[in-house]
$ cat query_24.pdb   # PDB, C-alpha atoms
MODEL        1
ATOM      1  CA  MET Y  19       5.037 -13.669  -1.569  1.00  0.00           C
ATOM      2  CA  THR Y  20       1.370 -13.550  -0.733  1.00  0.00           C
ATOM      3  CA  TYR Y  21       0.841  -9.826  -1.009  1.00  0.00           C
ATOM      4  CA  ILE Y  22       2.196  -9.705  -4.550  1.00  0.00           C
ATOM      5  CA  ASP Y  23      -0.115 -12.555  -5.507  1.00  0.00           C
ATOM      6  CA  SER Y  24      -2.992 -10.676  -3.888  1.00  0.00           C
ATOM      7  CA  LEU Y  25      -2.231  -7.409  -5.659  1.00  0.00           C
ATOM      8  CA  SER Y  26      -1.813  -9.154  -8.994  1.00  0.00           C
ATOM      9  CA  ALA Y  27      -5.000 -11.148  -8.569  1.00  0.00           C
ATOM     10  CA  LEU Y  28      -7.054  -8.059  -7.744  1.00  0.00           C
ATOM     11  CA  ALA Y  29      -5.500  -5.937 -10.486  1.00  0.00           C
ATOM     12  CA  ASP Y  30      -7.888  -7.352 -13.090  1.00  0.00           C
ATOM     13  CA  PRO Y  31     -11.149  -5.332 -13.013  1.00  0.00           C
ATOM     14  CA  THR Y  32     -13.412  -8.278 -13.835  1.00  0.00           C
ATOM     15  CA  ARG Y  33     -11.709 -10.469 -11.289  1.00  0.00           C
ATOM     16  CA  ARG Y  34     -12.145  -7.730  -8.721  1.00  0.00           C
ATOM     17  CA  GLN Y  35     -15.879  -7.709  -9.488  1.00  0.00           C
ATOM     18  CA  VAL Y  36     -16.027 -11.470  -8.967  1.00  0.00           C
ATOM     19  CA  PHE Y  37     -14.212 -10.955  -5.676  1.00  0.00           C
ATOM     20  CA  GLU Y  38     -16.610  -8.229  -4.588  1.00  0.00           C
ATOM     21  CA  VAL Y  39     -19.646 -10.395  -5.362  1.00  0.00           C
ATOM     22  CA  ILE Y  40     -18.462 -13.254  -3.175  1.00  0.00           C
ATOM     23  CA  ALA Y  41     -17.209 -10.838  -0.518  1.00  0.00           C
ATOM     24  CA  ALA Y  42     -20.776  -9.560  -0.238  1.00  0.00           C
ATOM     25  CA  THR Y  43     -22.366 -13.026  -0.373  1.00  0.00           C
ATOM     26  CA  PRO Y  44     -20.588 -16.391  -0.429  1.00  0.00           C
ATOM     27  CA  SER Y  45     -21.836 -17.988  -3.651  1.00  0.00           C
ATOM     28  CA  PRO Y  46     -21.504 -20.862  -6.099  1.00  0.00           C
ATOM     29  CA  VAL Y  47     -20.057 -20.147  -9.557  1.00  0.00           C
ATOM     30  CA  GLY Y  48     -23.459 -19.961 -11.234  1.00  0.00           C
ATOM     31  CA  ALA Y  49     -24.753 -17.293  -8.861  1.00  0.00           C
ATOM     32  CA  VAL Y  50     -21.674 -15.153  -9.469  1.00  0.00           C
ATOM     33  CA  ALA Y  51     -22.048 -15.502 -13.237  1.00  0.00           C
ATOM     34  CA  ALA Y  52     -25.714 -14.520 -12.982  1.00  0.00           C
ATOM     35  CA  LYS Y  53     -24.750 -11.206 -11.375  1.00  0.00           C
ATOM     36  CA  LEU Y  54     -22.029 -10.260 -13.841  1.00  0.00           C
ATOM     37  CA  PRO Y  55     -21.706 -10.020 -17.624  1.00  0.00           C
ATOM     38  CA  VAL Y  56     -19.217 -12.876 -17.503  1.00  0.00           C
ATOM     39  CA  SER Y  57     -19.547 -16.519 -18.552  1.00  0.00           C
ATOM     40  CA  ARG Y  58     -19.484 -19.341 -16.052  1.00  0.00           C
ATOM     41  CA  PRO Y  59     -16.152 -20.755 -17.266  1.00  0.00           C
ATOM     42  CA  ALA Y  60     -14.635 -17.269 -17.006  1.00  0.00           C
ATOM     43  CA  VAL Y  61     -15.936 -16.890 -13.448  1.00  0.00           C
ATOM     44  CA  SER Y  62     -14.427 -20.293 -12.596  1.00  0.00           C
ATOM     45  CA  GLN Y  63     -11.095 -19.199 -13.973  1.00  0.00           C
ATOM     46  CA  HIS Y  64     -11.147 -15.948 -11.983  1.00  0.00           C
ATOM     47  CA  LEU Y  65     -12.050 -17.861  -8.824  1.00  0.00           C
ATOM     48  CA  LYS Y  66      -9.137 -20.208  -9.415  1.00  0.00           C
ATOM     49  CA  VAL Y  67      -6.708 -17.284  -9.629  1.00  0.00           C
ATOM     50  CA  LEU Y  68      -8.198 -15.728  -6.489  1.00  0.00           C
ATOM     51  CA  SER Y  69      -7.954 -19.090  -4.686  1.00  0.00           C
ATOM     52  CA  ASP Y  70      -4.342 -19.541  -5.736  1.00  0.00           C
ATOM     53  CA  ALA Y  71      -3.603 -16.072  -4.348  1.00  0.00           C
ATOM     54  CA  GLY Y  72      -5.102 -17.086  -1.024  1.00  0.00           C
ATOM     55  CA  LEU Y  73      -7.945 -14.570  -1.221  1.00  0.00           C
ATOM     56  CA  VAL Y  74     -10.798 -17.005  -1.736  1.00  0.00           C
ATOM     57  CA  MET Y  75     -11.722 -20.342  -0.234  1.00  0.00           C
ATOM     58  CA  CYS Y  76     -14.175 -22.963  -1.329  1.00  0.00           C
ATOM     59  CA  ARG Y  77     -16.351 -25.272   0.712  1.00  0.00           C
ATOM     60  CA  ALA Y  78     -18.690 -28.065  -0.343  1.00  0.00           C
ATOM     61  CA  GLN Y  79     -22.373 -27.724   0.476  1.00  0.00           C
ATOM     62  CA  GLY Y  80     -24.050 -30.890  -0.719  1.00  0.00           C
ATOM     63  CA  THR Y  81     -23.120 -31.159  -4.373  1.00  0.00           C
ATOM     64  CA  ARG Y  82     -22.437 -27.426  -4.706  1.00  0.00           C
ATOM     65  CA  ARG Y  83     -19.179 -25.637  -4.162  1.00  0.00           C
ATOM     66  CA  ILE Y  84     -19.573 -22.331  -2.347  1.00  0.00           C
ATOM     67  CA  TYR Y  85     -16.869 -19.690  -2.749  1.00  0.00           C
ATOM     68  CA  ALA Y  86     -16.163 -17.177   0.001  1.00  0.00           C
ATOM     69  CA  VAL Y  87     -13.506 -14.613   0.873  1.00  0.00           C
ATOM     70  CA  ARG Y  88     -10.652 -15.978   2.929  1.00  0.00           C
ATOM     71  CA  PRO Y  89     -10.109 -13.429   5.731  1.00  0.00           C
ATOM     72  CA  GLU Y  90      -6.511 -14.509   6.387  1.00  0.00           C
ATOM     73  CA  GLY Y  91      -5.585 -13.597   2.826  1.00  0.00           C
ATOM     74  CA  LEU Y  92      -6.839 -10.065   3.308  1.00  0.00           C
ATOM     75  CA  ALA Y  93      -5.216  -9.831   6.699  1.00  0.00           C
ATOM     76  CA  ASP Y  94      -1.881 -10.681   5.071  1.00  0.00           C
ATOM     77  CA  LEU Y  95      -2.386  -7.860   2.589  1.00  0.00           C
ATOM     78  CA  ARG Y  96      -3.378  -5.396   5.300  1.00  0.00           C
ATOM     79  CA  GLU Y  97      -0.421  -6.361   7.460  1.00  0.00           C
ATOM     80  CA  TRP Y  98       1.960  -6.042   4.563  1.00  0.00           C
ATOM     81  CA  LEU Y  99       0.690  -2.558   3.699  1.00  0.00           C
ATOM     82  CA  ASP Y 100       1.075  -1.464   7.283  1.00  0.00           C
ATOM     83  CA  GLN Y 101       4.635  -2.711   7.541  1.00  0.00           C
ATOM     84  CA  PHE Y 102       5.376  -1.231   4.152  1.00  0.00           C
ATOM     85  CA  TRP Y 103       4.668   2.290   5.401  1.00  0.00           C
ATOM     86  CA  THR Y 104       6.360   1.730   8.738  1.00  0.00           C
ATOM     87  CA  LYS Y 105       9.573   0.766   6.976  1.00  0.00           C
ATOM     88  CA  ALA Y 106       9.346   3.540   4.397  1.00  0.00           C
ATOM     89  CA  LEU Y 107       8.760   6.302   6.960  1.00  0.00           C
ATOM     90  CA  ASP Y 108      11.342   4.856   9.311  1.00  0.00           C
ATOM     91  CA  SER Y 109      13.850   5.111   6.517  1.00  0.00           C
ATOM     92  CA  PHE Y 110      12.725   8.670   5.731  1.00  0.00           C
ATOM     93  CA  ALA Y 111      13.151   9.749   9.366  1.00  0.00           C
ATOM     94  CA  SER Y 112      16.596   8.177   9.541  1.00  0.00           C
ATOM     95  CA  GLU Y 113      17.674  10.036   6.427  1.00  0.00           C
ATOM     96  CA  ILE Y 114      16.852  13.374   8.039  1.00  0.00           C
ATOM     97  CA  ASN Y 115      17.606  12.665  11.666  1.00  0.00           C
ATOM     98  CA  ASP Y 116      20.948  11.017  10.970  1.00  0.00           C
ATOM     99  CA  LYS Y 117      22.056  13.918   8.771  1.00  0.00           C
ATOM    100  CA  GLU Y 118      20.927  16.374  11.422  1.00  0.00           C
ATOM    101  CA  ALA Y 119      22.888  14.420  14.035  1.00  0.00           C
ATOM    102  CA  ASP Y 120      25.990  14.520  11.812  1.00  0.00           C
ATOM    103  CA  ARG Y 121      25.665  18.276  11.494  1.00  0.00           C
ATOM    104  CA  HIS Y 122      25.671  18.678  15.265  1.00  0.00           C
ATOM    105  CA  ASP Y 123      28.745  16.481  15.774  1.00  0.00           C
TER     106      ASP Y 123
ATOM    107  CA  MET L  15     -15.495   0.908   5.000  1.00  0.00           C
ATOM    108  CA  THR L  16     -12.122   0.278   6.475  1.00  0.00           C
ATOM    109  CA  ASP L  17     -10.196   2.917   8.347  1.00  0.00           C
ATOM    110  CA  PRO L  18      -7.123   4.244   6.608  1.00  0.00           C
ATOM    111  CA  ILE L  19      -3.613   3.324   7.638  1.00  0.00           C
ATOM    112  CA  VAL L  20      -2.126   6.329   9.469  1.00  0.00           C
ATOM    113  CA  LYS L  21       1.551   6.687  10.323  1.00  0.00           C
ATOM    114  CA  THR L  22       3.272   9.549  12.116  1.00  0.00           C
ATOM    115  CA  VAL L  23       6.940  10.361  12.523  1.00  0.00           C
ATOM    116  CA  ASP L  24       8.834  13.401  13.882  1.00  0.00           C
ATOM    117  CA  VAL L  25      11.922  14.618  12.077  1.00  0.00           C
ATOM    118  CA  ASN L  26      14.527  17.125  13.279  1.00  0.00           C
ATOM    119  CA  CYS L  27      14.163  19.806  10.639  1.00  0.00           C
ATOM    120  CA  SER L  28      11.799  22.390   9.214  1.00  0.00           C
ATOM    121  CA  ALA L  29       8.621  21.373   7.407  1.00  0.00           C
ATOM    122  CA  ALA L  30      10.030  22.871   4.207  1.00  0.00           C
ATOM    123  CA  HIS L  31      13.154  20.708   4.430  1.00  0.00           C
ATOM    124  CA  ALA L  32      11.203  17.586   5.362  1.00  0.00           C
ATOM    125  CA  PHE L  33       8.974  18.099   2.333  1.00  0.00           C
ATOM    126  CA  GLU L  34      11.992  18.655   0.120  1.00  0.00           C
ATOM    127  CA  VAL L  35      13.674  15.464   1.286  1.00  0.00           C
ATOM    128  CA  PHE L  36      10.458  13.492   0.956  1.00  0.00           C
ATOM    129  CA  VAL L  37       9.839  14.569  -2.630  1.00  0.00           C
ATOM    130  CA  THR L  38      13.097  15.411  -4.363  1.00  0.00           C
ATOM    131  CA  ARG L  39      15.395  13.049  -2.478  1.00  0.00           C
ATOM    132  CA  ILE L  40      13.032  10.107  -2.255  1.00  0.00           C
ATOM    133  CA  SER L  41      15.581   7.818  -3.917  1.00  0.00           C
ATOM    134  CA  ASP L  42      18.008   8.530  -1.046  1.00  0.00           C
ATOM    135  CA  TRP L  43      15.710   7.092   1.568  1.00  0.00           C
ATOM    136  CA  TRP L  44      13.121   4.894  -0.095  1.00  0.00           C
ATOM    137  CA  PRO L  45      13.811   1.170   0.544  1.00  0.00           C
ATOM    138  CA  LEU L  46      14.546   0.427  -3.113  1.00  0.00           C
ATOM    139  CA  ASP L  47      15.454  -3.197  -2.403  1.00  0.00           C
ATOM    140  CA  GLY L  48      12.176  -4.182  -0.821  1.00  0.00           C
ATOM    141  CA  HIS L  49       9.531  -1.573  -1.565  1.00  0.00           C
ATOM    142  CA  ALA L  50       9.565  -1.633  -5.332  1.00  0.00           C
ATOM    143  CA  VAL L  51       8.031  -3.490  -8.234  1.00  0.00           C
ATOM    144  CA  SER L  52      11.569  -4.306  -9.295  1.00  0.00           C
ATOM    145  CA  ALA L  53      12.146  -6.118  -6.014  1.00  0.00           C
ATOM    146  CA  ALA L  54       9.650  -8.785  -7.041  1.00  0.00           C
ATOM    147  CA  SER L  55      12.305 -10.035  -9.467  1.00  0.00           C
ATOM    148  CA  GLY L  56      14.957  -9.939  -6.768  1.00  0.00           C
ATOM    149  CA  LYS L  57      16.769  -6.795  -7.869  1.00  0.00           C
ATOM    150  CA  PRO L  58      16.533  -3.330  -6.305  1.00  0.00           C
ATOM    151  CA  ALA L  59      15.006  -0.448  -8.228  1.00  0.00           C
ATOM    152  CA  GLN L  60      17.331   2.266  -9.510  1.00  0.00           C
ATOM    153  CA  SER L  61      15.263   5.187  -8.307  1.00  0.00           C
ATOM    154  CA  VAL L  62      11.865   6.596  -7.395  1.00  0.00           C
ATOM    155  CA  THR L  63      10.563   9.861  -8.852  1.00  0.00           C
ATOM    156  CA  ILE L  64       7.801  12.189  -7.697  1.00  0.00           C
ATOM    157  CA  GLU L  65       7.265  14.838 -10.362  1.00  0.00           C
ATOM    158  CA  PRO L  66       6.827  18.022  -8.290  1.00  0.00           C
ATOM    159  CA  ARG L  67       3.492  19.299  -9.559  1.00  0.00           C
ATOM    160  CA  VAL L  68      -0.206  18.453  -9.559  1.00  0.00           C
ATOM    161  CA  GLY L  69      -0.740  15.823 -12.238  1.00  0.00           C
ATOM    162  CA  GLY L  70       2.907  14.770 -12.047  1.00  0.00           C
ATOM    163  CA  ALA L  71       3.764  11.101 -12.252  1.00  0.00           C
ATOM    164  CA  VAL L  72       5.021   8.997  -9.370  1.00  0.00           C
ATOM    165  CA  TYR L  73       7.119   6.171 -10.724  1.00  0.00           C
ATOM    166  CA  GLU L  74       9.913   3.727 -10.175  1.00  0.00           C
ATOM    167  CA  THR L  75      12.837   3.206 -12.511  1.00  0.00           C
ATOM    168  CA  MET L  76      13.371  -0.536 -12.346  1.00  0.00           C
ATOM    169  CA  HIS L  77      16.686  -2.374 -12.252  1.00  0.00           C
ATOM    170  CA  ASP L  78      16.616  -2.804 -16.033  1.00  0.00           C
ATOM    171  CA  GLY L  79      15.768   0.837 -16.696  1.00  0.00           C
ATOM    172  CA  GLY L  80      12.077   0.128 -17.309  1.00  0.00           C
ATOM    173  CA  ARG L  81       9.465   2.329 -15.745  1.00  0.00           C
ATOM    174  CA  ALA L  82       6.764   1.177 -13.316  1.00  0.00           C
ATOM    175  CA  ASP L  83       4.082   3.747 -12.581  1.00  0.00           C
ATOM    176  CA  TRP L  84       2.975   4.005  -8.972  1.00  0.00           C
ATOM    177  CA  GLY L  85       0.493   6.851  -9.157  1.00  0.00           C
ATOM    178  CA  LYS L  86       0.104  10.526  -9.823  1.00  0.00           C
ATOM    179  CA  VAL L  87       0.261  13.710  -7.781  1.00  0.00           C
ATOM    180  CA  LEU L  88      -3.164  15.024  -6.709  1.00  0.00           C
ATOM    181  CA  GLU L  89      -2.113  17.850  -4.386  1.00  0.00           C
ATOM    182  CA  PHE L  90       1.253  19.548  -4.142  1.00  0.00           C
ATOM    183  CA  GLU L  91       1.825  22.247  -1.504  1.00  0.00           C
ATOM    184  CA  PRO L  92       5.556  22.545  -0.728  1.00  0.00           C
ATOM    185  CA  GLY L  93       6.315  22.448   2.981  1.00  0.00           C
ATOM    186  CA  ARG L  94       2.771  21.441   3.813  1.00  0.00           C
ATOM    187  CA  ARG L  95       1.111  18.647   1.990  1.00  0.00           C
ATOM    188  CA  LEU L  96       1.404  16.051  -0.728  1.00  0.00           C
ATOM    189  CA  ALA L  97      -1.359  13.775  -1.975  1.00  0.00           C
ATOM    190  CA  MET L  98      -1.137  11.128  -4.666  1.00  0.00           C
ATOM    191  CA  THR L  99      -2.892   8.134  -6.073  1.00  0.00           C
ATOM    192  CA  TRP L 100      -1.062   4.944  -5.264  1.00  0.00           C
ATOM    193  CA  HIS L 101      -1.184   1.692  -7.179  1.00  0.00           C
ATOM    194  CA  PRO L 102       2.288   0.142  -7.423  1.00  0.00           C
ATOM    195  CA  GLY L 103       2.089  -3.368  -8.802  1.00  0.00           C
ATOM    196  CA  ASN L 104      -1.597  -2.844  -9.497  1.00  0.00           C
ATOM    197  CA  ASN L 105      -3.685  -1.411 -12.292  1.00  0.00           C
ATOM    198  CA  ALA L 106      -4.241   2.321 -12.408  1.00  0.00           C
ATOM    199  CA  ASP L 107      -7.998   1.873 -12.493  1.00  0.00           C
ATOM    200  CA  ALA L 108      -8.055   0.849  -8.842  1.00  0.00           C
ATOM    201  CA  PRO L 109      -5.767   3.356  -7.165  1.00  0.00           C
ATOM    202  CA  THR L 110      -5.540   3.902  -3.451  1.00  0.00           C
ATOM    203  CA  ARG L 111      -4.717   7.317  -2.007  1.00  0.00           C
ATOM    204  CA  VAL L 112      -1.697   8.443  -0.014  1.00  0.00           C
ATOM    205  CA  GLU L 113      -1.541  11.825   1.728  1.00  0.00           C
ATOM    206  CA  VAL L 114       1.486  13.174   3.524  1.00  0.00           C
ATOM    207  CA  GLU L 115       1.194  16.211   5.786  1.00  0.00           C
ATOM    208  CA  PHE L 116       4.069  18.209   7.227  1.00  0.00           C
ATOM    209  CA  ALA L 117       3.320  20.229  10.379  1.00  0.00           C
ATOM    210  CA  ASP L 118       5.595  22.345  12.585  1.00  0.00           C
ATOM    211  CA  ALA L 119       5.931  20.770  16.019  1.00  0.00           C
ATOM    212  CA  GLY L 120       8.143  22.898  18.238  1.00  0.00           C
ATOM    213  CA  GLY L 121      11.380  22.940  16.282  1.00  0.00           C
ATOM    214  CA  LYS L 122      10.639  19.603  14.679  1.00  0.00           C
ATOM    215  CA  THR L 123       8.269  18.567  11.971  1.00  0.00           C
ATOM    216  CA  ARG L 124       5.547  16.030  12.423  1.00  0.00           C
ATOM    217  CA  VAL L 125       5.022  14.004   9.274  1.00  0.00           C
ATOM    218  CA  THR L 126       1.698  12.182   9.019  1.00  0.00           C
ATOM    219  CA  LEU L 127       1.109   9.680   6.264  1.00  0.00           C
ATOM    220  CA  THR L 128      -2.418   8.462   5.545  1.00  0.00           C
ATOM    221  CA  HIS L 129      -3.035   5.574   3.163  1.00  0.00           C
ATOM    222  CA  SER L 130      -6.733   5.372   2.385  1.00  0.00           C
ATOM    223  CA  GLU L 131      -9.034   3.734  -0.099  1.00  0.00           C
ATOM    224  CA  TRP L 132      -6.798   0.669  -0.019  1.00  0.00           C
ATOM    225  CA  GLU L 133      -9.895  -1.259   1.041  1.00  0.00           C
ATOM    226  CA  VAL L 134     -10.992  -1.463  -2.602  1.00  0.00           C
ATOM    227  CA  TRP L 135      -8.602  -4.401  -2.559  1.00  0.00           C
ATOM    228  CA  GLY L 136     -10.584  -6.243   0.023  1.00  0.00           C
ATOM    229  CA  ALA L 137     -14.146  -5.662   1.162  1.00  0.00           C
ATOM    230  CA  GLU L 138     -13.813  -7.775   4.270  1.00  0.00           C
ATOM    231  CA  ALA L 139     -10.536  -6.366   5.454  1.00  0.00           C
ATOM    232  CA  ALA L 140     -12.409  -4.432   8.133  1.00  0.00           C
ATOM    233  CA  ALA L 141     -13.137  -7.664   9.944  1.00  0.00           C
ATOM    234  CA  LYS L 142      -9.454  -8.055  10.730  1.00  0.00           C
ATOM    235  CA  ARG L 143      -8.703  -4.416  11.438  1.00  0.00           C
ATOM    236  CA  GLY L 144      -9.117  -4.648  15.212  1.00  0.00           C
ATOM    237  CA  ASN L 145      -6.566  -7.431  15.527  1.00  0.00           C
ATOM    238  CA  TYR L 146      -3.791  -5.218  14.305  1.00  0.00           C
ATOM    239  CA  ASP L 147      -4.397  -1.947  16.111  1.00  0.00           C
ATOM    240  CA  SER L 148      -2.407  -2.721  19.233  1.00  0.00           C
ATOM    241  CA  GLY L 149       0.345  -4.355  17.205  1.00  0.00           C
ATOM    242  CA  TRP L 150       0.782  -1.280  15.042  1.00  0.00           C
ATOM    243  CA  ASP L 151       1.051   1.039  18.012  1.00  0.00           C
ATOM    244  CA  TYR L 152       3.656  -1.178  19.580  1.00  0.00           C
ATOM    245  CA  VAL L 153       5.778  -1.737  16.496  1.00  0.00           C
ATOM    246  CA  PHE L 154       5.524   1.796  15.237  1.00  0.00           C
ATOM    247  CA  GLY L 155       6.099   3.425  18.627  1.00  0.00           C
ATOM    248  CA  GLU L 156       9.033   1.202  19.502  1.00  0.00           C
ATOM    249  CA  ARG L 157      10.737   1.524  16.158  1.00  0.00           C
ATOM    250  CA  TYR L 158      10.337   5.250  15.840  1.00  0.00           C
ATOM    251  CA  ALA L 159      11.160   6.009  19.424  1.00  0.00           C
ATOM    252  CA  GLY L 160      14.363   4.034  18.866  1.00  0.00           C
ATOM    253  CA  ALA L 161      15.183   5.638  15.553  1.00  0.00           C
ATOM    254  CA  ILE L 162      14.704   9.177  16.829  1.00  0.00           C
ATOM    255  CA  ALA L 163      16.540   8.629  20.097  1.00  0.00           C
ATOM    256  CA  ALA L 164      19.483   7.019  18.284  1.00  0.00           C
TER     257      ALA L 164
ENDMDL
END
$ encode --input "query_24.pdb" --output "structure tokens"
Amino acid sequence: MTYIDSLSALADPTRRQVFEVIAATPSPVGAVAAKLPVSRPAVSQHLKVLSDAGLVMCRAQGTRRIYAVRPEGLADLREWLDQFWTKALDSFASEINDKEADRHD
Amino acid sequence: MTDPIVKTVDVNCSAAHAFEVFVTRISDWWPLDGHAVSAASGKPAQSVTIEPRVGGAVYETMHDGGRADWGKVLEFEPGRRLAMTWHPGNNADAPTRVEVEFADAGGKTRVTLTHSEWEVWGAEAAAKRGNYDSGWDYVFGERYAGAIAA
């Protein structure tokens, strides 16, 4: 399930920083590493996890690989959260309204 | 910044009762089979607990009896308002915020849930926000209208 992958991927504080850097400016690995107190290999590893979770995409620009946020991944997360609360509150209303209806029967 | 997710539902009881059911009977209505950390392993959670005080824990008791923290209570005003941090399945250092307000509405109670600060999970989520607005109104309105009329 995508949203669980997304939540897990963003749970790591350093990985979230990597994500925020490329969300602000699509960047190659080296540029991300230059902005954070994290080594290049570590940034690469974080980007791999974010890519696997569908949150980040990579495109080639000449010989460089540019990482950017993948909007569809975030949309999935947003949509899931929205449905999450719809279902939860729907269930809450049913609990009360059904019991109230029973009382009036 | 991304606008918060806001959901509203009317229930046929007093605000005090609605608050009571929301907090102390949450395990009776919460979708334990789908909306729980436990559900990620295919088994429903046993229960959900909101400790009824400011600073109280909000947590799930998983299928195996283990505890998964979801957040903590920030504001607790019985019959009126509940606010908590919210980070199920996520680390506590990046919590979102959920507020639930209970307001008298002519013999019913209007319950408004606001989930904000979730955008820490995605800086560009705002770009997609507009695409969902109409869908939410439709789904939410249809479902709730149906549930209340039933």
$ resolve_selection --input "query_24.pdb" --expression "the ChimeraX specification (/L :<9) & /Y" --output "ChimeraX atom specification"
/Y:19,22,24-26,28-31,34,37-38,41-42,73,87-90,92-93,95-97,99-116,118-119
$ atom_distance --input "query_24.pdb" --atom1 "atom CA of Y:Leu54" --atom2 "atom CA of Y:Arg83"
18.4 Å
$ closest_residue --input "query_24.pdb" --among "L:Gly80, L:Ala53, L:Pro18, L:Gly85" --to "L:Glu65" --atoms "only C-alpha atoms"
L:Gly85
$ closest_residue --input "query_24.pdb" --among "Y:Lys53, Y:Gly80, Y:Asp23, Y:Lys117" --to "Y:Ile40" --atoms "all atoms listed in the file"
Y:Lys53
$ residues_near_point --input "query_24.pdb" --point "(-16.4, -20.5, -9.1)" --cutoff "9 Å" --atoms "only C-alpha atoms" --output "list of chain:residue names"
Y:Ser45, Y:Pro46, Y:Val47, Y:Gly48, Y:Ala49, Y:Val50, Y:Ala51, Y:Arg58, Y:Pro59, Y:Ala60, Y:Val61, Y:Ser62, Y:Gln63, Y:His64, Y:Leu65, Y:Lys66, Y:Cys76, Y:Arg83, Y:Ile84, Y:Tyr85
$ axis_aligned_box --input "query_24.pdb" --around "stretch 108-112 of chain Y" --padding-each-side "5 Å" --output "AutoDock Vina command-line options"
--center_x 14.0 --center_y 7.3 --center_z 7.6 --size_x 15.3 --size_y 14.9 --size_z 13.8
$ closest_residue --input "query_24.pdb" --among "Y:Thr81, Y:Leu68, Y:Pro44, Y:Val74" --to "Y:Ala27" --atoms "only C-alpha atoms"
Y:Leu68
$ residues_around --input "query_24.pdb" --residues "L:Thr38" --least-positions-apart "4" --cutoff "10 Å" --atoms "only C-alpha atoms" --output "list in words"
Phe33, Glu34, Asp42, Val62, Thr63, Ile64, Glu65 and Pro66 of chain L
